[in-house]
Each structure stands twice: as structure tokens, then as C-alpha cells.
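Chemist: My file is upload.csv. It has CSV, C-alpha atoms:
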```
chain,number,residue,atom,x,y,z
A,151,MET,CA,178.9,119.9,35.2
A,152,PHE,CA,179.8,119.9,38.9
A,153,SER,CA,180.4,116.2,38.8
A,154,ASP,CA,183.6,117.0,36.8
A,155,PHE,CA,185.0,119.0,39.8
A,156,GLN,CA,187.6,116.9,41.7
A,157,GLY,CA,187.4,116.8,45.5
A,158,ASN,CA,185.9,119.0,48.2
A,159,SER,CA,182.5,117.5,47.5
A,160,GLU,CA,181.1,118.9,50.8
A,161,ILE,CA,181.9,122.5,49.9
A,162,VAL,CA,180.5,122.1,46.4
A,163,HIS,CA,177.3,120.6,47.8
A,164,ARG,CA,177.0,123.5,50.2
A,165,LEU,CA,177.4,126.1,47.4
A,166,ARG,CA,174.9,124.3,45.2
A,167,ASP,CA,172.4,124.1,48.1
A,168,MET,CA,172.6,127.9,48.5
A,169,LEU,CA,171.9,128.2,44.8
A,170,ALA,CA,168.9,126.0,45.2
A,171,LYS,CA,167.6,128.0,48.1
A,172,LYS,CA,168.4,131.3,46.3
A,173,ARG,CA,170.6,132.3,49.2
A,174,PHE,CA,173.8,132.5,47.3
A,175,PRO,CA,176.1,135.2,48.9
A,176,HIS,CA,177.0,138.3,46.9
A,177,ALA,CA,180.7,137.9,47.9
A,178,VAL,CA,182.4,134.5,48.1
A,179,MET,CA,186.0,133.9,49.0
A,180,LEU,CA,187.5,130.7,47.8
A,181,ALA,CA,190.8,129.9,49.6
A,182,GLY,CA,193.2,127.2,48.9
A,183,ALA,CA,196.6,126.3,47.5
A,184,GLN,CA,197.6,127.0,44.0
A,185,GLY,CA,196.0,124.3,41.8
A,186,SER,CA,193.3,123.4,44.3
A,187,GLY,CA,190.6,124.4,41.8
A,188,LYS,CA,189.5,127.8,43.1
A,189,TYR,CA,189.3,129.4,39.6
A,190,THR,CA,187.6,126.3,38.1
A,191,LEU,CA,185.0,126.2,40.8
A,192,ALA,CA,184.3,130.0,40.4
A,193,LEU,CA,183.7,129.6,36.7
A,194,MET,CA,181.4,126.6,37.2
A,195,LEU,CA,179.4,128.7,39.7
A,196,ALA,CA,179.3,131.5,37.1
A,197,GLN,CA,177.9,129.1,34.6
A,198,ALA,CA,175.3,127.7,37.1
A,199,LEU,CA,174.2,131.3,37.9
A,200,ASN,CA,173.7,132.1,34.2
A,201,CYS,CA,172.9,128.8,32.5
A,202,LEU,CA,169.9,129.2,30.1
A,203,THR,CA,168.7,125.6,30.5
A,204,PRO,CA,169.9,124.7,34.0
A,205,PRO,CA,169.5,120.9,34.8
A,206,LYS,CA,169.5,119.3,38.2
A,207,SER,CA,171.7,116.5,39.4
A,208,ASP,CA,171.4,114.9,42.8
A,209,GLY,CA,168.4,117.2,43.3
A,210,LEU,CA,170.6,120.4,43.2
A,211,PRO,CA,171.2,123.1,40.5
A,212,ASP,CA,173.8,122.3,37.9
A,213,PHE,CA,174.8,123.8,34.5
A,214,CYS,CA,174.4,122.3,31.1
A,215,GLY,CA,177.7,123.3,29.7
A,216,LYS,CA,176.2,123.6,26.2
A,217,CYS,CA,174.0,126.7,26.1
A,218,ALA,CA,175.3,130.1,24.8
A,219,ASN,CA,176.1,131.4,28.3
A,220,CYS,CA,177.8,128.3,29.5
A,221,THR,CA,180.0,127.9,26.4
A,222,ARG,CA,181.0,131.6,26.4
A,223,ILE,CA,181.9,131.6,30.1
A,224,ALA,CA,183.9,128.4,29.5
A,225,GLN,CA,186.1,130.1,27.0
A,226,ALA,CA,187.8,131.8,30.0
A,227,THR,CA,188.8,128.4,31.4
A,228,ASP,CA,192.4,128.6,30.1
A,229,LEU,CA,193.2,131.6,32.2
A,230,ASP,CA,196.9,131.7,31.2
A,231,ALA,CA,196.1,131.8,27.5
A,232,ARG,CA,193.4,134.5,27.9
A,233,PHE,CA,195.8,136.5,30.1
A,234,ALA,CA,198.6,136.3,27.5
A,235,GLU,CA,196.1,137.5,24.8
A,236,ALA,CA,195.1,140.5,27.0
A,237,ILE,CA,198.8,141.4,27.5
A,238,GLU,CA,199.5,141.1,23.8
A,239,ALA,CA,196.5,143.3,23.0
A,240,ARG,CA,197.8,145.9,25.3
A,241,GLU,CA,201.3,145.8,23.8
A,242,ASP,CA,199.8,146.6,20.4
A,243,LEU,CA,198.4,149.9,21.7
A,244,ARG,CA,200.1,153.3,21.5
A,245,GLU,CA,202.3,154.2,24.5
A,246,THR,CA,199.9,156.7,25.9
A,247,ASP,CA,197.0,154.2,25.7
A,248,LYS,CA,199.1,151.4,27.0
A,249,LYS,CA,199.7,153.1,30.3
A,250,GLU,CA,196.0,153.7,30.9
A,251,THR,CA,194.9,150.2,29.9
A,252,ARG,CA,194.4,147.6,32.6
A,253,ILE,CA,194.2,143.8,32.1
A,254,PHE,CA,190.9,141.9,32.2
A,255,VAL,CA,189.6,138.6,30.8
A,256,GLN,CA,186.0,138.7,29.5
A,257,THR,CA,184.5,136.1,27.2
A,258,HIS,CA,180.9,136.8,28.3
A,259,PRO,CA,179.4,140.3,28.7
A,260,ASP,CA,178.3,139.6,32.3
A,261,VAL,CA,181.3,137.7,33.6
A,262,LEU,CA,184.5,139.7,34.2
A,263,VAL,CA,187.8,138.1,35.3
A,264,ILE,CA,190.2,140.4,37.1
A,265,PRO,CA,193.8,139.0,37.2
A,266,PRO,CA,196.8,140.8,38.8
A,267,ASP,CA,198.1,143.6,36.4
A,268,PRO,CA,201.7,143.4,35.3
A,269,PRO,CA,204.4,144.3,35.8
A,270,GLN,CA,203.7,144.6,39.6
A,271,MET,CA,201.3,141.7,39.3
A,272,MET,CA,198.8,143.3,41.7
A,273,ILE,CA,195.1,144.2,41.5
A,274,LYS,CA,195.1,147.9,40.8
A,275,VAL,CA,192.6,150.6,41.6
A,276,ASP,CA,191.7,151.2,37.9
A,277,GLN,CA,190.7,147.5,37.7
A,278,VAL,CA,188.4,147.9,40.7
A,279,ARG,CA,187.0,151.1,39.3
A,280,ARG,CA,186.0,149.2,36.2
A,281,VAL,CA,184.0,146.8,38.4
A,282,ILE,CA,182.4,149.7,40.2
A,283,GLU,CA,181.4,151.4,36.9
A,284,SER,CA,179.7,148.3,35.6
A,285,VAL,CA,178.4,146.4,38.7
A,286,TYR,CA,175.2,148.4,39.2
A,287,TYR,CA,174.0,147.9,35.6
A,288,ARG,CA,171.7,144.9,35.1
A,289,PRO,CA,173.0,141.8,33.3
A,290,ALA,CA,172.9,142.0,29.5
A,291,GLU,CA,172.5,138.3,28.7
A,292,GLY,CA,172.5,136.4,31.9
A,293,ARG,CA,170.7,136.4,35.2
A,294,GLU,CA,173.7,137.4,37.3
A,295,LYS,CA,176.8,139.6,36.9
A,296,VAL,CA,179.9,137.8,38.0
A,297,TYR,CA,183.3,139.2,38.9
A,298,ILE,CA,186.2,137.0,39.7
A,299,PHE,CA,189.3,138.4,41.3
A,300,THR,CA,192.0,135.7,40.7
A,301,ASP,CA,194.4,136.9,43.3
A,302,SER,CA,194.5,138.6,46.8
A,303,ALA,CA,197.4,140.9,46.0
A,304,PHE,CA,195.5,144.2,46.1
A,305,MET,CA,197.1,147.6,46.1
A,306,LYS,CA,195.9,149.5,49.1
A,307,GLU,CA,193.7,151.9,47.2
A,308,ALA,CA,192.3,149.1,45.2
A,309,ALA,CA,191.4,147.1,48.3
A,310,ASN,CA,189.7,150.2,49.9
A,311,SER,CA,187.7,150.7,46.7
A,312,LEU,CA,186.6,147.1,46.6
A,313,LEU,CA,185.3,147.4,50.1
A,314,LYS,CA,182.8,150.1,49.0
A,315,VAL,CA,181.3,147.6,46.5
A,316,LEU,CA,181.1,144.8,49.0
A,317,GLU,CA,179.3,147.1,51.5
A,318,GLU,CA,176.4,147.7,49.1
A,319,PRO,CA,176.4,145.1,46.3
A,320,PRO,CA,173.5,145.0,43.9
A,321,GLU,CA,171.2,142.0,44.2
A,322,PHE,CA,172.1,140.7,40.7
A,323,ALA,CA,175.9,140.7,41.2
A,324,THR,CA,178.3,138.1,42.7
A,325,ILE,CA,181.9,138.7,43.4
A,326,PHE,CA,184.4,135.9,43.8
A,327,LEU,CA,187.7,136.5,45.6
A,328,LEU,CA,190.3,133.8,45.1
A,329,THR,CA,193.3,133.6,47.5
A,330,GLU,CA,195.9,131.1,48.7
A,331,ASN,CA,195.8,132.8,52.1
A,332,ALA,CA,192.6,134.6,53.2
A,333,GLY,CA,194.7,136.5,55.8
A,334,GLU,CA,196.3,138.5,53.0
A,335,LEU,CA,193.0,140.4,52.5
A,336,LEU,CA,191.8,143.2,54.8
A,337,PRO,CA,189.7,142.0,57.7
A,338,THR,CA,186.9,144.3,56.6
A,339,ILE,CA,186.9,142.5,53.2
A,340,ARG,CA,186.9,139.1,54.8
A,341,SER,CA,184.0,140.0,57.1
A,342,ARG,CA,181.8,140.8,54.1
A,343,ALA,CA,182.5,137.6,52.2
A,344,MET,CA,181.6,134.0,52.9
A,345,VAL,CA,184.8,132.0,53.0
A,346,PHE,CA,185.2,128.5,51.7
A,347,THR,CA,188.6,126.8,52.0
A,348,LEU,CA,189.4,124.1,49.5
A,349,GLY,CA,191.3,121.3,51.1
A,350,ALA,CA,194.1,119.1,49.6
A,351,LEU,CA,193.1,115.9,47.8
A,352,SER,CA,194.6,112.6,48.8
A,353,ALA,CA,197.4,111.2,46.6
A,354,GLU,CA,195.1,108.4,45.6
A,355,GLU,CA,192.4,110.8,44.4
A,356,ILE,CA,195.0,112.7,42.3
A,357,GLU,CA,196.4,109.5,40.9
A,358,ARG,CA,193.0,108.4,39.7
A,359,ASP,CA,192.4,111.8,38.1
A,360,LEU,CA,195.9,111.7,36.4
A,361,ALA,CA,195.0,108.2,35.0
A,362,LYS,CA,192.3,110.0,33.0
A,363,GLN,CA,194.2,113.2,32.2
A,364,HIS,CA,197.6,111.6,31.4
A,365,PRO,CA,197.0,108.0,30.3
A,366,GLU,CA,200.4,108.1,28.7
A,367,TRP,CA,202.1,108.3,32.1
A,368,LYS,CA,203.2,105.1,33.9
A,369,ALA,CA,201.8,104.3,37.4
A,370,ALA,CA,205.1,105.3,39.0
A,371,GLN,CA,205.0,108.7,37.3
A,372,ARG,CA,201.4,109.3,38.4
A,373,ALA,CA,202.4,108.4,42.0
A,374,LEU,CA,205.4,110.8,41.8
A,375,VAL,CA,203.3,113.7,40.5
A,376,ALA,CA,200.5,113.1,42.9
A,377,ARG,CA,202.9,113.6,45.8
A,378,LEU,CA,204.8,116.5,44.4
A,379,SER,CA,201.6,118.4,43.7
A,380,GLU,CA,200.8,118.3,47.4
A,381,GLY,CA,197.0,117.7,47.0
A,382,ALA,CA,196.5,120.3,44.3
A,383,VAL,CA,194.8,118.7,41.3
A,384,GLY,CA,195.3,121.6,39.0
A,385,ARG,CA,199.0,121.6,39.7
A,386,ALA,CA,199.1,117.9,39.1
A,387,ARG,CA,197.3,118.2,35.7
A,388,SER,CA,199.7,120.8,34.5
A,389,PHE,CA,202.8,119.3,36.0
A,390,ASP,CA,205.8,119.4,33.6
A,391,LEU,CA,207.2,115.9,34.3
A,392,ALA,CA,210.0,116.1,31.8
A,393,ALA,CA,211.3,119.4,33.3
A,394,TYR,CA,211.2,118.0,36.8
A,395,ALA,CA,213.0,114.8,35.7
A,396,ALA,CA,215.8,116.9,34.1
A,397,ALA,CA,216.1,119.1,37.2
A,398,ARG,CA,216.1,116.1,39.5
A,399,GLU,CA,218.9,114.4,37.5
A,400,ASP,CA,221.0,117.6,38.0
A,401,ALA,CA,220.0,117.9,41.7
A,402,MET,CA,221.0,114.3,42.4
A,403,ALA,CA,224.4,114.9,40.6
A,404,ILE,CA,225.0,117.9,42.8
A,405,LEU,CA,224.1,116.1,46.0
A,406,LYS,CA,226.2,113.0,45.1
A,407,SER,CA,229.2,115.3,44.2
A,408,ALA,CA,228.8,117.0,47.6
A,409,LEU,CA,228.8,113.6,49.4
A,410,ARG,CA,231.6,112.1,47.3
A,411,GLY,CA,234.0,115.0,47.6
A,412,GLY,CA,237.2,115.3,45.8
A,413,GLU,CA,236.9,115.3,42.0
A,414,HIS,CA,234.1,117.6,40.6
A,415,SER,CA,234.1,117.1,36.8
A,416,GLU,CA,230.6,115.8,36.8
A,417,LEU,CA,229.4,118.7,39.0
A,418,PHE,CA,231.0,121.3,36.7
A,419,LYS,CA,229.3,119.7,33.6
A,420,VAL,CA,225.9,120.2,35.4
A,421,THR,CA,226.4,123.7,36.8
A,422,GLU,CA,227.9,125.2,33.7
A,423,SER,CA,224.6,124.8,31.9
A,424,TYR,CA,222.9,127.2,34.3
A,425,ARG,CA,223.4,130.4,32.3
A,426,PRO,CA,222.4,134.0,32.9
A,427,GLY,CA,219.1,135.4,31.6
A,428,ALA,CA,215.4,134.7,32.2
A,429,GLU,CA,215.6,131.1,30.9
A,430,GLY,CA,218.6,130.4,33.2
A,431,ARG,CA,216.8,131.9,36.1
A,432,GLU,CA,213.7,129.7,35.6
A,433,LYS,CA,215.9,126.6,35.2
A,434,THR,CA,217.8,127.5,38.4
A,435,GLU,CA,214.6,128.1,40.4
A,436,GLN,CA,213.3,124.7,39.3
A,437,LEU,CA,216.6,123.1,40.4
A,438,ILE,CA,216.4,124.8,43.8
A,439,ARG,CA,212.8,123.6,44.3
A,440,THR,CA,213.8,120.1,43.3
A,441,LEU,CA,216.8,120.1,45.7
A,442,TYR,CA,214.5,121.2,48.6
A,443,SER,CA,212.2,118.3,47.6
A,444,LEU,CA,215.0,115.8,47.8
A,445,LEU,CA,216.4,117.2,51.1
A,446,ARG,CA,212.9,116.9,52.6
A,447,ASP,CA,212.7,113.3,51.5
A,448,LEU,CA,216.1,112.6,53.2
A,449,VAL,CA,214.7,114.1,56.4
A,450,VAL,CA,211.6,111.8,56.2
A,451,ILE,CA,213.8,108.8,55.6
A,452,ASN,CA,216.2,109.6,58.4
A,453,SER,CA,213.2,110.0,60.7
A,454,GLY,CA,212.0,106.5,59.8
A,455,GLY,CA,209.6,107.6,57.1
A,456,GLU,CA,210.7,105.0,54.5
A,457,SER,CA,209.5,102.2,56.6
A,458,GLY,CA,206.9,103.9,58.8
A,459,ALA,CA,205.3,106.5,56.6
A,460,PRO,CA,206.2,105.9,52.9
A,461,GLU,CA,203.3,108.1,51.8
A,462,MET,CA,205.3,111.1,53.1
A,463,ILE,CA,208.1,110.6,50.6
A,464,ARG,CA,207.5,112.7,47.5
A,465,ASN,CA,210.1,111.2,45.1
A,466,THR,CA,208.6,107.7,45.4
A,467,ASP,CA,210.2,106.3,42.2
A,468,ILE,CA,213.8,106.8,43.6
A,469,ALA,CA,213.0,106.0,47.2
A,470,ALA,CA,215.6,103.2,47.3
A,471,GLU,CA,218.4,105.5,45.9
A,472,LEU,CA,217.4,108.2,48.4
A,473,LYS,CA,217.6,105.6,51.3
A,474,ARG,CA,221.2,104.7,50.3
A,475,MET,CA,222.0,108.4,50.2
A,476,ALA,CA,220.3,109.0,53.6
A,477,GLU,CA,222.8,106.5,55.2
A,478,SER,CA,225.6,109.0,54.5
A,479,VAL,CA,224.0,112.1,56.0
A,480,ASP,CA,222.5,113.3,59.3
A,481,PHE,CA,220.0,116.0,60.2
A,482,ALA,CA,222.8,118.6,60.7
A,483,TRP,CA,224.1,118.0,57.2
A,484,ILE,CA,220.6,118.4,55.7
A,485,THR,CA,220.0,121.6,57.7
A,486,ALA,CA,223.3,123.0,56.5
A,487,ALA,CA,222.4,122.1,52.9
A,488,SER,CA,219.0,123.9,53.2
A,489,ASP,CA,220.9,127.0,54.5
A,490,GLY,CA,223.3,126.7,51.6
A,491,LEU,CA,220.3,126.6,49.1
A,492,ALA,CA,218.9,129.8,50.8
A,493,GLU,CA,222.3,131.4,50.2
A,494,VAL,CA,222.1,130.5,46.5
A,495,GLN,CA,218.6,132.1,46.3
A,496,ARG,CA,220.0,135.3,47.9
A,497,GLY,CA,222.8,135.2,45.3
A,498,MET,CA,220.3,135.0,42.5
A,499,ARG,CA,218.6,138.2,43.8
A,500,ARG,CA,222.0,139.9,43.7
A,501,ASN,CA,222.6,138.5,40.1
A,502,LEU,CA,225.6,136.4,41.1
A,503,LEU,CA,226.8,133.9,38.5
A,504,ARG,CA,224.5,130.9,39.0
A,505,SER,CA,227.0,128.2,38.0
A,506,LEU,CA,229.6,129.5,40.5
A,507,SER,CA,226.9,129.7,43.3
A,508,LEU,CA,225.9,126.1,42.7
A,509,ASP,CA,229.6,125.0,42.6
A,510,ALA,CA,230.1,126.8,45.9
A,511,PHE,CA,227.0,125.2,47.4
A,512,ALA,CA,228.2,121.6,46.5
A,513,ALA,CA,231.7,122.3,47.6
A,514,GLY,CA,230.5,123.7,50.9
A,515,MET,CA,228.5,120.6,51.6
A,516,GLU,CA,231.4,118.1,51.1
A,517,LYS,CA,231.4,115.4,53.8
```
What do you get writing this file as C-alpha cells?
Modeler:
Amino acid sequence: MFSDFQGNSEIVHRLRDMLAKKRFPHAVMLAGAQGSGKYTLALMLAQALNCLTPPKSDGLPDFCGKCANCTRIAQATDLDARFAEAIEAREDLRETDKKETRIFVQTHPDVLVIPPDPPQMMIKVDQVRRVIESVYYRPAEGREKVYIFTDSAFMKEAANSLLKVLEEPPEFATIFLLTENAGELLPTIRSRAMVFTLGALSAEEIERDLAKQHPEWKAAQRALVARLSEGAVGRARSFDLAAYAAAREDAMAILKSALRGGEHSELFKVTESYRPGAEGREKTEQLIRTLYSLLRDLVVINSGGESGAPEMIRNTDIAAELKRMAESVDFAWITAASDGLAEVQRGMRRNLLRSLSLDAFAAGMEK
């Protein structure tokens, strides 16, 4: 039910009010950061549009979550798992068929989810053509046909093809366009969709949600994740706390080595674990993101944030340690460190040895 959706209550109320008045738009753009709930809300609206026994709550349309239509649509909730299944199914095809097969997620005959197609990870023209081929046929089991494009990365021909559907949509079809940045889509597409931007939740709201989702986490851990997720409840719920803690331990060792100077045995122990290959790349990218997070906190503390605006610090559980570290650095050093991290990222794109790049970064930052 809509009461399960976290935050953005005004937007949810407005959408439900349009459902009640039967003025729901044929094209809806949901914009917001990754993890803000765009996909979850789109699926909920798909359920509300097709629920067989639609209840009302607060005087507005809702969905039961139990009827055949609601449960089948809900099977698409774990998009990552359904996407992986679709990829695996394509891999099992013959080579000739594999090249012609595009990726879709469909757990209900009237609800089609269109994710970016690998390896380019863009919406391709054949995916839009599938929408065009089916959109004008009446729903098989529901009241409304629903199409959910989960990303705004459209190939040019695909975007132009979609525009044709948006110009003359059938009365029984609704198209959802999900995007982190509405500006990535053609102005002509934006002009034909009603745009709703999901705002960030407060840290307190996310902490309350995490208390239900992760009761095994301590209060300090929930506070940390709430700030690191930057107001995106989906990102907070799926946050890998163990991976972040490991990356932060390495990041702190690198920063301390840079500030201490001289002997680097601890630094070398850390950096030699960053090996080549896909796993090593992911681990290094996590480390770089974590280093940026720590450098940002040092800027906040040096600007008086630890006493004046503690809510701006992300790594709340080590604020005291960061304050001690901040006493040894100035804004120029932090800026140089950020530039050094950017150089490490460029080196990764050139496939330079990651351990040596990290060693060079720490050595270059010696006080």
C-alpha cells in the first residue's frame, strides 16, 4: 500500500488524487537521485492502476497488494534479480538469437519494465519498438497497460521512436520514465510527460526506516548510513555497511600515512591488496568514493562544521578522529588530495597498476 512508501508524501498524494479524478497522465517522469524510490513508486502506481479489488485509504485510491494483478506486478520489485535472470536467459540462446534479443522484465502481461540493455547499458531502439508493437493492444488482464523505462540513457534513434508513442498514446496505456536528471531526456519528450521530482529524505527519516529494515544495526551505524545515503532511502536500505567499513579503514590508513610521512610499511600492506581484475576495480572504486567522503568531512570540520553544523558530517561515528586529523591539514592540502584522487581515477581508466597509483597518491600528499 502507498503508506509503505517513505517520504515525498505530497507527490504521492498528488498522484493518487489524479487517479481518483481519472486524470492520470499517459506519460509520467519520476526524477530523483538513485535510491530515492522512483522505481518503487512506479510499481506501486502500476498496481493501483490494475488492482482487482482496489481499496481506499485517506479517501484516495490504493492497491490491495494481494490480488493476482498486485502480486504478479510485485514480483518485479527486485529489479536487479529480474534483470540478472533476463541476462542469463539471453546468454543461453544461440549466438544469432542472442544478438537480436533485447532485455525486458515482465512478470505481468500488461506491465513491461524496460531497463538499459547491456553491454552499452542504454535503452535501444529495438526495446522501444517492442513497446510500440504492443502499446496499442488493449490490456489482457488489467485495466491499464504500463511501461516503465528505468533509465534516461536512450540511444538517439530510441529516443526519437519513443517520442512518436508519447505524441499519440492510447487511452489505456501509461508510460513511466525514470531519471536521475530530467535534463538528460530530449526537451520534446519532457514536454509530453508530467514531471515529478522526488526530494531527499532527512537523515532522521532514514534512520527511522533503517531501524525497521536493519534492527541488527546499532544507532551509530544507522546514523552513519543515513548520512552517507544522502537522503536516498533505497540506497540506505541496500547499503553494504561491512564493505564501507573495510574501505574506510584502508582510506584512513592511507590518509594517516600521507600525514605522517617517512615510513610506509602500513601503507604498502593496504595498497598491495588492490589487485587487477574486475574485483580489484570495484574495490578500488569503493576506496576512492570513501576517500572523497572523508576529505569532504575534513572540509566541513575545517569550516567549523563539527561545532556549528554536525549534521553535515557524514562519517559521524569517527567525527572525533577526523577532528584530530583536521588539525593537521588545511584547505589547500585537501584540494590537492582531491586532485590526486582524480589522477588515480584517470590511471584506472588507463589500466595503471592500482597499488602503485595509491602509493603515489599517499606519497604525493606527504606533509
Chemist: What is the CA of Ala170 (chain A) to CA of Glu283 (chain A) distance in Å?
Modeler: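 These atoms are spaced 29.5 Å apart.
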Chemist: Find the spatial neighbours of Gln436 (chain A), counting all atoms listed in the file, within a cut-off of 9 Å - ignore same-chain residues fewer than 6 positions away - and output them as a list in words.
Modeler: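 Listed by chain and then number, they are Ala393, Tyr394 and Ala397 of chain A.
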Chemist: Could you tell me how far CA of Ser207 (chain A) lies from CA of Thr300 (chain A), in Å and to one decimal?
Modeler: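 Computing it gives 28.0 Å between the two atoms.
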Chemist: Considering all atoms listed in the file, state which residue in the set A:Asp467, A:Glu357, A:Glu399, A:Glu334 is at the smallest distance from Ala370 (chain A).
Modeler: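 For Ala370 (chain A), the nearest of the candidates is A:Asp467.
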Chemist: Looking at A:Ile264, A:Arg244, A:Leu445, A:Asp509, which one is nearest to Arg280 (chain A), with distances taken over only C-alpha atoms?
Modeler: A:Ile264
Chemist: Given only C-alpha atoms as the basis, pick out the residue of A:Lys206, A:Arg446, A:Arg164, A:Arg222 nearest to Val345 (chain A).
Modeler: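 Closest candidate: A:Arg164.
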Chemist: Ranking A:Gln225, A:Ser284, A:Ser302, A:Thr466 by minimum distance to Ala373 (chain A) and counting only C-alpha atoms, which one comes first?
Modeler: A:Thr466
Chemist: Kindly indicate which residue among A:Ala181, A:Asn158, A:His176, A:Glu330 lies nearest to Glu318 (chain A), using all atoms listed in the file for the distances.
Modeler: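 Checking each of A:Ala181, A:Asn158, A:His176, A:Glu330 against Glu318 (chain A), counting all atoms listed in the file, the winner is A:His176.
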